[in-house]
>>> print(open('data_14.tsv').read())   # TSV, C-alpha atoms and all ligand atoms
chain	number	residue	atom	x	y	z
A	1269	MET	CA	-13.53	-34.01	-1.97
A	1270	PRO	CA	-12.91	-30.23	-1.67
A	1271	GLN	CA	-14.59	-27.86	-4.13
A	1272	PRO	CA	-12.44	-26.89	-7.13
A	1273	LEU	CA	-10.24	-23.89	-6.49
A	1274	ILE	CA	-9.23	-21.74	-9.45
A	1275	ILE	CA	-6.33	-19.31	-9.31
A	1276	ALA	CA	-6.05	-16.77	-12.15
A	1277	VAL	CA	-2.54	-15.68	-13.10
A	1278	PRO	CA	-1.50	-13.15	-15.73
A	1279	LYS	CA	0.40	-13.97	-18.87
A	1280	GLY	CA	3.68	-12.15	-19.23
A	1281	ARG	CA	6.36	-10.95	-16.90
A	1282	ILE	CA	4.65	-11.35	-13.51
A	1283	LEU	CA	4.22	-15.03	-14.28
A	1284	LYS	CA	7.96	-15.80	-14.19
A	1285	GLU	CA	8.18	-14.38	-10.68
A	1286	ALA	CA	4.83	-15.83	-9.62
A	1287	LEU	CA	5.75	-19.46	-10.34
A	1288	PRO	CA	8.47	-19.76	-7.66
A	1289	LEU	CA	6.13	-18.04	-5.20
A	1290	LEU	CA	3.32	-20.49	-6.02
A	1291	ALA	CA	5.78	-23.37	-5.56
A	1292	ARG	CA	6.71	-22.07	-2.10
A	1293	VAL	CA	3.02	-21.92	-1.26
A	1294	GLY	CA	2.78	-25.56	-2.35
A	1295	ILE	CA	1.12	-25.18	-5.76
A	1296	GLU	CA	3.00	-26.53	-8.78
A	1297	PRO	CA	1.31	-26.54	-12.19
A	1298	GLU	CA	1.57	-29.37	-14.69
A	1299	ALA	CA	4.45	-29.12	-17.17
A	1300	ALA	CA	2.27	-27.75	-20.00
A	1301	PHE	CA	1.83	-24.52	-18.02
A	1302	SER	CA	5.44	-23.48	-18.70
A	1303	ASP	CA	5.27	-24.50	-22.35
A	1304	GLU	CA	5.02	-21.20	-24.23
A	1305	ASP	CA	3.58	-23.04	-27.25
A	1306	SER	CA	0.71	-24.54	-25.30
A	1307	ARG	CA	-2.67	-23.07	-26.24
A	1308	ALA	CA	-4.37	-24.53	-23.18
A	1309	LEU	CA	-5.78	-21.96	-20.74
A	1310	ARG	CA	-6.57	-24.09	-17.69
A	1311	PHE	CA	-3.95	-26.24	-16.04
A	1312	ALA	CA	-3.99	-28.89	-13.34
A	1313	THR	CA	-1.58	-28.63	-10.41
A	1314	ASN	CA	0.01	-31.03	-7.92
A	1315	GLN	CA	-3.06	-30.39	-5.74
A	1316	PRO	CA	-5.98	-32.30	-7.26
A	1317	HIS	CA	-8.65	-29.66	-6.56
A	1318	VAL	CA	-6.51	-26.61	-7.53
A	1319	SER	CA	-6.14	-25.42	-11.11
A	1320	LEU	CA	-4.55	-22.35	-12.66
A	1321	ILE	CA	-5.94	-20.27	-15.50
A	1322	ARG	CA	-3.59	-18.08	-17.52
A	1323	VAL	CA	-5.32	-14.94	-18.80
A	1324	ARG	CA	-4.53	-11.29	-19.59
A	1325	ALA	CA	-3.70	-9.15	-16.57
A	1326	PHE	CA	-6.88	-7.04	-16.76
A	1327	ASP	CA	-8.93	-10.22	-17.10
A	1328	VAL	CA	-7.45	-11.75	-13.92
A	1329	ALA	CA	-9.36	-9.10	-11.95
A	1330	THR	CA	-12.53	-9.71	-13.97
A	1331	PHE	CA	-12.49	-13.49	-13.45
A	1332	VAL	CA	-11.93	-13.11	-9.71
A	1333	ALA	CA	-14.41	-10.24	-9.27
A	1334	HIS	CA	-17.14	-12.36	-10.87
A	1335	GLY	CA	-16.22	-15.43	-8.81
A	1336	ALA	CA	-15.23	-17.47	-11.89
A	1337	ALA	CA	-11.85	-17.80	-10.15
A	1338	GLN	CA	-11.52	-17.54	-6.37
A	1339	LEU	CA	-7.95	-16.20	-6.21
A	1340	GLY	CA	-5.71	-14.27	-8.55
A	1341	ILE	CA	-2.35	-12.60	-8.94
A	1342	VAL	CA	-2.48	-9.19	-10.55
A	1343	GLY	CA	-0.54	-5.93	-10.75
A	1344	SER	CA	-1.75	-3.08	-8.55
A	1345	ASP	CA	-2.05	-1.04	-11.79
A	1346	VAL	CA	-5.12	-3.11	-12.70
A	1347	LEU	CA	-6.66	-2.60	-9.24
A	1348	MET	CA	-6.06	1.15	-9.45
A	1349	GLU	CA	-7.77	1.31	-12.84
A	1350	PHE	CA	-10.80	-0.82	-11.87
A	1351	ALA	CA	-11.85	-0.34	-8.27
A	1352	TYR	CA	-13.73	-3.67	-8.03
A	1353	SER	CA	-15.69	-3.79	-4.78
A	1354	GLU	CA	-15.91	-7.60	-5.07
A	1355	LEU	CA	-12.16	-7.95	-4.65
A	1356	TYR	CA	-10.13	-8.20	-1.51
A	1357	ALA	CA	-6.38	-7.63	-2.03
A	1358	PRO	CA	-4.83	-8.82	1.23
A	1359	VAL	CA	-1.19	-9.41	0.23
A	1360	ASP	CA	1.41	-7.34	-1.60
A	1361	LEU	CA	3.39	-10.19	-3.16
A	1362	GLY	CA	6.55	-8.13	-3.57
A	1363	ILE	CA	6.98	-9.21	-7.20
A	1364	GLY	CA	6.29	-7.53	-10.54
A	1365	HIS	CA	7.75	-4.22	-9.44
A	1366	CYS	CA	7.45	-1.44	-12.02
A	1367	ARG	CA	5.80	1.97	-12.25
A	1368	ILE	CA	3.14	3.81	-14.21
A	1369	SER	CA	4.62	6.91	-15.78
A	1370	VAL	CA	3.80	9.78	-18.09
A	1371	ALA	CA	6.18	9.82	-21.06
A	1372	GLU	CA	6.55	11.98	-24.13
A	1373	PRO	CA	8.85	12.35	-27.14
A	1374	ALA	CA	12.36	13.48	-26.19
A	1375	ALA	CA	12.07	16.53	-28.47
A	1376	LEU	CA	8.92	17.71	-26.68
A	1377	ALA	CA	10.43	16.97	-23.25
A	1378	ALA	CA	13.39	19.24	-24.01
A	1379	ARG	CA	11.14	22.31	-23.95
A	1380	ASP	CA	8.24	21.04	-21.82
A	1381	ASP	CA	7.27	22.11	-18.32
A	1382	PRO	CA	4.61	19.87	-16.71
A	1383	ARG	CA	3.68	22.74	-14.35
A	1384	GLY	CA	2.31	24.63	-17.36
A	1385	TRP	CA	-0.04	21.87	-18.57
A	1386	SER	CA	-3.77	22.65	-18.63
A	1387	HIS	CA	-4.86	20.01	-21.13
A	1388	VAL	CA	-3.09	16.84	-22.28
A	1389	ARG	CA	-3.96	14.23	-24.86
A	1390	VAL	CA	-2.77	10.86	-23.63
A	1391	ALA	CA	-2.71	7.36	-25.11
A	1392	THR	CA	-3.14	4.78	-22.37
A	1393	LYS	CA	-4.75	1.56	-21.25
A	1394	TYR	CA	-5.46	3.30	-17.92
A	1395	PRO	CA	-7.95	6.07	-18.81
A	1396	SER	CA	-9.58	6.18	-15.39
A	1397	LEU	CA	-6.31	6.29	-13.44
A	1398	THR	CA	-4.90	8.82	-15.90
A	1399	ARG	CA	-7.87	11.18	-15.59
A	1400	ARG	CA	-7.71	10.96	-11.78
A	1401	HIS	CA	-3.98	11.65	-11.77
A	1402	PHE	CA	-4.29	14.76	-13.91
A	1403	GLU	CA	-7.53	16.01	-12.34
A	1404	ALA	CA	-5.83	16.03	-8.95
A	1405	ARG	CA	-3.54	18.75	-10.26
A	1406	GLY	CA	-6.14	20.63	-12.27
A	1407	VAL	CA	-5.14	19.30	-15.68
A	1408	GLN	CA	-7.79	18.04	-18.08
A	1409	ALA	CA	-6.76	14.71	-19.65
A	1410	GLU	CA	-8.22	13.58	-22.94
A	1411	CYS	CA	-7.51	9.84	-23.14
A	1412	VAL	CA	-7.18	7.66	-26.21
A	1413	LYS	CA	-7.67	4.09	-25.02
A	1414	LEU	CA	-5.22	1.55	-26.41
A	1415	ASN	CA	-4.62	-2.00	-25.28
A	1416	GLY	CA	-0.88	-2.21	-25.93
A	1417	ALA	CA	1.99	-0.75	-27.93
A	1418	MET	CA	1.20	2.71	-26.51
A	1419	GLU	CA	4.74	3.83	-27.26
A	1420	ILE	CA	4.04	4.20	-30.97
A	1421	ALA	CA	1.12	6.64	-30.45
A	1422	PRO	CA	3.09	9.92	-30.03
A	1423	LEU	CA	5.30	9.13	-33.02
A	1424	LEU	CA	2.21	8.86	-35.22
A	1425	GLY	CA	0.39	11.86	-33.78
A	1426	LEU	CA	-2.36	9.89	-32.04
A	1427	ALA	CA	-1.51	11.57	-28.74
A	1428	ASP	CA	1.19	13.90	-27.37
A	1429	ARG	CA	1.94	11.72	-24.40
A	1430	ILE	CA	1.41	8.25	-23.00
A	1431	VAL	CA	0.70	6.83	-19.56
A	1432	ASP	CA	2.01	3.29	-19.34
A	1433	LEU	CA	3.99	0.76	-17.33
A	1434	VAL	CA	7.72	1.29	-17.25
A	1435	SER	CA	10.03	-1.42	-16.00
A	1436	SER	CA	13.54	-1.28	-17.48
A	1437	GLY	CA	12.71	1.81	-19.59
A	1438	ARG	CA	13.86	0.02	-22.72
A	1439	THR	CA	10.55	0.27	-24.61
A	1440	LEU	CA	10.44	4.04	-24.04
A	1441	ALA	CA	14.06	4.50	-25.10
A	1442	GLU	CA	13.68	2.42	-28.25
A	1443	ASN	CA	10.72	4.55	-29.30
A	1444	GLY	CA	12.31	7.95	-28.59
A	1445	LEU	CA	10.26	8.68	-25.46
A	1446	VAL	CA	11.35	9.91	-22.04
A	1447	GLU	CA	9.64	9.67	-18.67
A	1448	ILE	CA	8.27	12.95	-17.39
A	1449	GLU	CA	6.62	11.95	-14.14
A	1450	THR	CA	5.66	8.90	-12.11
A	1451	VAL	CA	1.93	8.31	-11.61
A	1452	ALA	CA	2.23	5.31	-9.25
A	1453	GLU	CA	4.55	2.54	-8.13
A	1454	VAL	CA	3.26	-0.93	-9.01
A	1455	SER	CA	3.67	-4.43	-7.57
A	1456	ALA	CA	1.68	-7.64	-7.83
A	1457	ARG	CA	-1.09	-8.37	-5.33
A	1458	LEU	CA	-2.91	-11.50	-4.29
A	1459	ILE	CA	-6.61	-10.93	-4.91
A	1460	VAL	CA	-9.51	-12.91	-3.51
A	1461	ASN	CA	-13.20	-12.89	-4.36
A	1462	ARG	CA	-14.86	-11.48	-1.23
A	1463	ALA	CA	-17.90	-13.78	-1.34
A	1464	ALA	CA	-15.71	-16.87	-1.84
A	1465	PHE	CA	-13.48	-15.73	1.03
A	1466	LYS	CA	-16.51	-15.67	3.35
A	1467	LEU	CA	-18.07	-18.91	2.11
A	1468	ARG	CA	-14.83	-20.88	1.99
A	1469	ALA	CA	-12.97	-19.17	4.84
A	1470	ALA	CA	-11.69	-22.43	6.37
A	1471	GLU	CA	-9.87	-23.23	3.15
A	1472	LEU	CA	-8.99	-19.77	1.80
A	1473	ALA	CA	-7.84	-17.97	4.95
A	1474	PRO	CA	-4.93	-20.43	5.58
A	1475	LEU	CA	-3.98	-20.28	1.90
A	1476	VAL	CA	-3.88	-16.46	1.96
A	1477	GLU	CA	-1.78	-16.75	5.12
A	1478	ARG	CA	0.67	-19.07	3.31
A	1479	PHE	CA	1.05	-16.47	0.55
A	1480	ARG	CA	1.67	-13.81	3.18
A	1481	GLU	CA	4.31	-15.95	4.95
A	1482	GLN	CA	6.08	-16.91	1.74
A	1483	THR	CA	6.10	-13.34	0.51
A	1484	ALA	CA	7.67	-12.14	3.72
A	1485	ALA	CA	10.12	-15.07	3.94
A	1486	PRO	CA	13.78	-14.31	3.23
A	1487	ARG	CA	14.82	-15.54	-0.21
A	1488	ALA	CA	17.44	-18.31	-0.45
A	1501	LIG	C1	4.77	-3.41	-20.86
A	1501	LIG	C2	4.42	-1.95	-20.96
A	1501	LIG	C3	5.55	-1.39	-21.80
A	1501	LIG	C4	6.71	-2.29	-21.42
A	1501	LIG	C5	7.64	-1.59	-20.46
A	1501	LIG	O1	4.30	-4.07	-21.95
A	1501	LIG	O2	3.15	-1.76	-21.53
A	1501	LIG	O3	5.25	-1.47	-23.16
A	1501	LIG	O4	6.19	-3.45	-20.79
A	1501	LIG	O5	8.74	-2.40	-20.08
A	1501	LIG	P1	10.24	-1.87	-20.17
A	1501	LIG	O6	10.29	-0.55	-19.47
A	1501	LIG	O7	11.05	-2.93	-19.47
A	1501	LIG	O8	10.59	-1.77	-21.63
A	1501	LIG	P2	4.30	-5.66	-22.02
A	1501	LIG	O9	5.57	-6.16	-22.56
A	1501	LIG	O10	3.90	-6.22	-20.69
A	1501	LIG	O11	3.19	-5.93	-23.11
A	1501	LIG	P3	1.82	-5.21	-23.44
A	1501	LIG	O12	2.15	-4.23	-24.53
A	1501	LIG	O13	0.95	-6.33	-23.90
A	1501	LIG	O14	1.28	-4.53	-22.23
>>> encode(input="data_14.tsv", output="structure tokens")
Amino acid sequence: MPQPLIIAVPKGRILKEALPLLARVGIEPEAAFSDEDSRALRFATNQPHVSLIRVRAFDVATFVAHGAAQLGIVGSDVLMEFAYSELYAPVDLGIGHCRISVAEPAALAARDDPRGWSHVRVATKYPSLTRRHFEARGVQAECVKLNGAMEIAPLLGLADRIVDLVSSGRTLAENGLVEIETVAEVSARLIVNRAAFKLRAAELAPLVERFREQTAAPRA
């Protein structure tokens, strides 16, 4: 009987795109996994030794880095924020495309010139990435760490600007914000715990390869 294999996947938008990819790789979770009302966190799959856990995006990286899960699917935003040395990210899965951007209220943007910034106060869940981005151009970034709903921060004076994920741009628009600059393009990656990859190479290397093949395969 093979050892249990746990794959961590993020709640939210990546998941919808990740499920067809997992199916192509040969992993199909039990029905409860797609039930939005289910409070279960670990799910069996069609493969008896493989289960999926559904956790927050930042926690996918934590579970895999600590070896509590062997594999995970996570946005490259998370990997840029936390440079986990325990993680190997061998495959860009080509799903979950979005970007990390700096945004500010439309009224400020109308008279703002990013070239003149020397200090910015930014609400973000990416303080490390944000500081690096601004430091690279000689701007000091003071970060207010939030875990979500960043878009409300400038309206309430918590920060002048935000650094956050932008996909359709709808959340920014509905909160009176405009994008000023792109920090990084984002897509979902397959991540693997490095120690598990060495210890269980015979099992994990072909599985990683299947992800790679299915990611590259033309879509029907
Ligand atoms: C993300 C992000 C933005 C929004 C952008 O939040 O933090 O708020 O999506 O998407 P849009 O450009 O298509 O409007 P998400 O819905 O993933 O929830 P979160 O606040 O928990 O991060």
>>> residues_near_ligand(input="data_14.tsv", ligand="ligand LIG 1501 (chain A)", cutoff="10 Å", atoms="all atoms listed in the file", output="PyMOL selection string")
chain A and resi 1279-1282+1324-1325+1366-1368+1392-1393+1414-1420+1431-1443
>>> closest_residue(input="data_14.tsv", among="A:Ser1306, A:Asn1461, A:Ser1455, A:Thr1330", to="Gly1362 in chain A", atoms="only C-alpha atoms")
A:Ser1455
>>> closest_residue(input="data_14.tsv", among="A:Ala1299, A:Gly1444, A:Leu1426, A:Leu1458", to="Gly1364 in chain A", atoms="all atoms listed in the file")
A:Leu1458
>>> residues_around(input="data_14.tsv", residues="range 1374-1383 of chain A", least_positions_apart="5", cutoff="9 Å", atoms="all atoms listed in the file", output="PyMOL selection string")
chain A and resi 1428+1444-1449
>>> write_last_selection(input="data_14.tsv", atoms="C-alpha atoms", output="CSV table (one decimal), in the coordinates of the input")
chain,number,residue,atom,x,y,z
A,1428,ASP,CA,1.2,13.9,-27.4
A,1444,GLY,CA,12.3,8.0,-28.6
A,1445,LEU,CA,10.3,8.7,-25.5
A,1446,VAL,CA,11.4,9.9,-22.0
A,1447,GLU,CA,9.6,9.7,-18.7
A,1448,ILE,CA,8.3,13.0,-17.4
A,1449,GLU,CA,6.6,12.0,-14.1
>>> atom_distance(input="data_14.tsv", atom1="CA of Ala1312 in chain A", atom2="CA of Leu1273 in chain A")
10.5 Å
>>> decode(input="data_14.tsv", residues="range 1317-1351 of chain A", atoms="N, CA and C atoms", output="tab-separated table (two decimals), in the first residue's frame")
chain	number	residue	atom	x	y	z
A	1317	HIS	N	-4.87	6.33	-2.13
A	1317	HIS	CA	-3.86	6.89	-1.22
A	1317	HIS	C	-3.70	8.41	-1.37
A	1318	VAL	N	-4.47	9.03	-2.29
A	1318	VAL	CA	-4.33	10.48	-2.52
A	1318	VAL	C	-5.51	11.22	-1.92
A	1319	SER	N	-5.24	12.23	-1.10
A	1319	SER	CA	-6.33	13.10	-0.64
A	1319	SER	C	-5.98	14.55	-0.88
A	1320	LEU	N	-7.02	15.37	-0.94
A	1320	LEU	CA	-6.85	16.81	-1.15
A	1320	LEU	C	-7.21	17.53	0.13
A	1321	ILE	N	-6.45	18.58	0.45
A	1321	ILE	CA	-6.90	19.48	1.52
A	1321	ILE	C	-7.14	20.84	0.89
A	1322	ARG	N	-8.18	21.51	1.38
A	1322	ARG	CA	-8.58	22.80	0.80
A	1322	ARG	C	-8.33	23.86	1.87
A	1323	VAL	N	-7.32	24.70	1.64
A	1323	VAL	CA	-6.91	25.68	2.66
A	1323	VAL	C	-6.70	27.05	1.99
A	1324	ARG	N	-6.45	28.06	2.80
A	1324	ARG	CA	-6.19	29.40	2.23
A	1324	ARG	C	-4.89	29.38	1.41
A	1325	ALA	N	-4.84	30.24	0.40
A	1325	ALA	CA	-3.70	30.23	-0.52
A	1325	ALA	C	-2.36	30.32	0.21
A	1326	PHE	N	-2.23	31.26	1.16
A	1326	PHE	CA	-0.95	31.40	1.85
A	1326	PHE	C	-0.62	30.13	2.64
A	1327	ASP	N	-1.66	29.46	3.12
A	1327	ASP	CA	-1.45	28.26	3.93
A	1327	ASP	C	-1.06	27.04	3.08
A	1328	VAL	N	-1.41	27.05	1.80
A	1328	VAL	CA	-0.96	25.95	0.91
A	1328	VAL	C	0.56	25.86	0.99
A	1329	ALA	N	1.23	27.00	0.87
A	1329	ALA	CA	2.70	27.01	0.89
A	1329	ALA	C	3.21	26.55	2.26
A	1330	THR	N	2.53	26.94	3.32
A	1330	THR	CA	2.98	26.55	4.66
A	1330	THR	C	2.85	25.04	4.87
A	1331	PHE	N	1.71	24.48	4.48
A	1331	PHE	CA	1.52	23.03	4.64
A	1331	PHE	C	2.58	22.26	3.85
A	1332	VAL	N	2.86	22.69	2.63
A	1332	VAL	CA	3.81	21.94	1.80
A	1332	VAL	C	5.24	22.17	2.29
A	1333	ALA	N	5.55	23.41	2.69
A	1333	ALA	CA	6.92	23.69	3.16
A	1333	ALA	C	7.25	22.84	4.39
A	1334	HIS	N	6.26	22.62	5.26
A	1334	HIS	CA	6.50	21.84	6.46
A	1334	HIS	C	6.34	20.34	6.25
A	1335	GLY	N	5.99	19.94	5.02
A	1335	GLY	CA	5.86	18.51	4.73
A	1335	GLY	C	4.56	17.90	5.22
A	1336	ALA	N	3.61	18.74	5.69
A	1336	ALA	CA	2.30	18.23	6.11
A	1336	ALA	C	1.50	17.82	4.87
A	1337	ALA	N	1.77	18.48	3.75
A	1337	ALA	CA	1.27	18.03	2.44
A	1337	ALA	C	2.51	17.89	1.56
A	1338	GLN	N	2.47	16.98	0.61
A	1338	GLN	CA	3.66	16.77	-0.23
A	1338	GLN	C	3.65	17.68	-1.47
A	1339	LEU	N	2.44	17.93	-1.97
A	1339	LEU	CA	2.28	18.73	-3.19
A	1339	LEU	C	1.27	19.84	-2.92
A	1340	GLY	N	1.33	20.89	-3.73
A	1340	GLY	CA	0.32	21.94	-3.60
A	1340	GLY	C	0.18	22.71	-4.88
A	1341	ILE	N	-0.91	23.45	-4.96
A	1341	ILE	CA	-1.15	24.36	-6.08
A	1341	ILE	C	-1.32	25.74	-5.47
A	1342	VAL	N	-0.49	26.68	-5.92
A	1342	VAL	CA	-0.52	27.99	-5.27
A	1342	VAL	C	-0.11	29.09	-6.26
A	1343	GLY	N	-0.63	30.28	-6.07
A	1343	GLY	CA	-0.27	31.41	-6.92
A	1343	GLY	C	1.18	31.81	-6.71
A	1344	SER	N	1.82	32.28	-7.78
A	1344	SER	CA	3.22	32.71	-7.65
A	1344	SER	C	3.34	33.94	-6.75
A	1345	ASP	N	2.22	34.64	-6.50
A	1345	ASP	CA	2.24	35.77	-5.55
A	1345	ASP	C	2.67	35.29	-4.17
A	1346	VAL	N	2.17	34.13	-3.76
A	1346	VAL	CA	2.50	33.59	-2.43
A	1346	VAL	C	3.99	33.22	-2.39
A	1347	LEU	N	4.49	32.65	-3.47
A	1347	LEU	CA	5.91	32.24	-3.49
A	1347	LEU	C	6.83	33.46	-3.51
A	1348	MET	N	6.36	34.54	-4.13
A	1348	MET	CA	7.18	35.76	-4.15
A	1348	MET	C	7.21	36.42	-2.78
A	1349	GLU	N	6.12	36.28	-2.04
A	1349	GLU	CA	6.06	36.90	-0.71
A	1349	GLU	C	6.88	36.11	0.31
A	1350	PHE	N	6.77	34.78	0.25
A	1350	PHE	CA	7.49	33.91	1.19
A	1350	PHE	C	8.45	33.05	0.40
A	1351	ALA	N	9.73	33.36	0.45
A	1351	ALA	CA	10.70	32.58	-0.33
A	1351	ALA	C	11.06	31.33	0.47
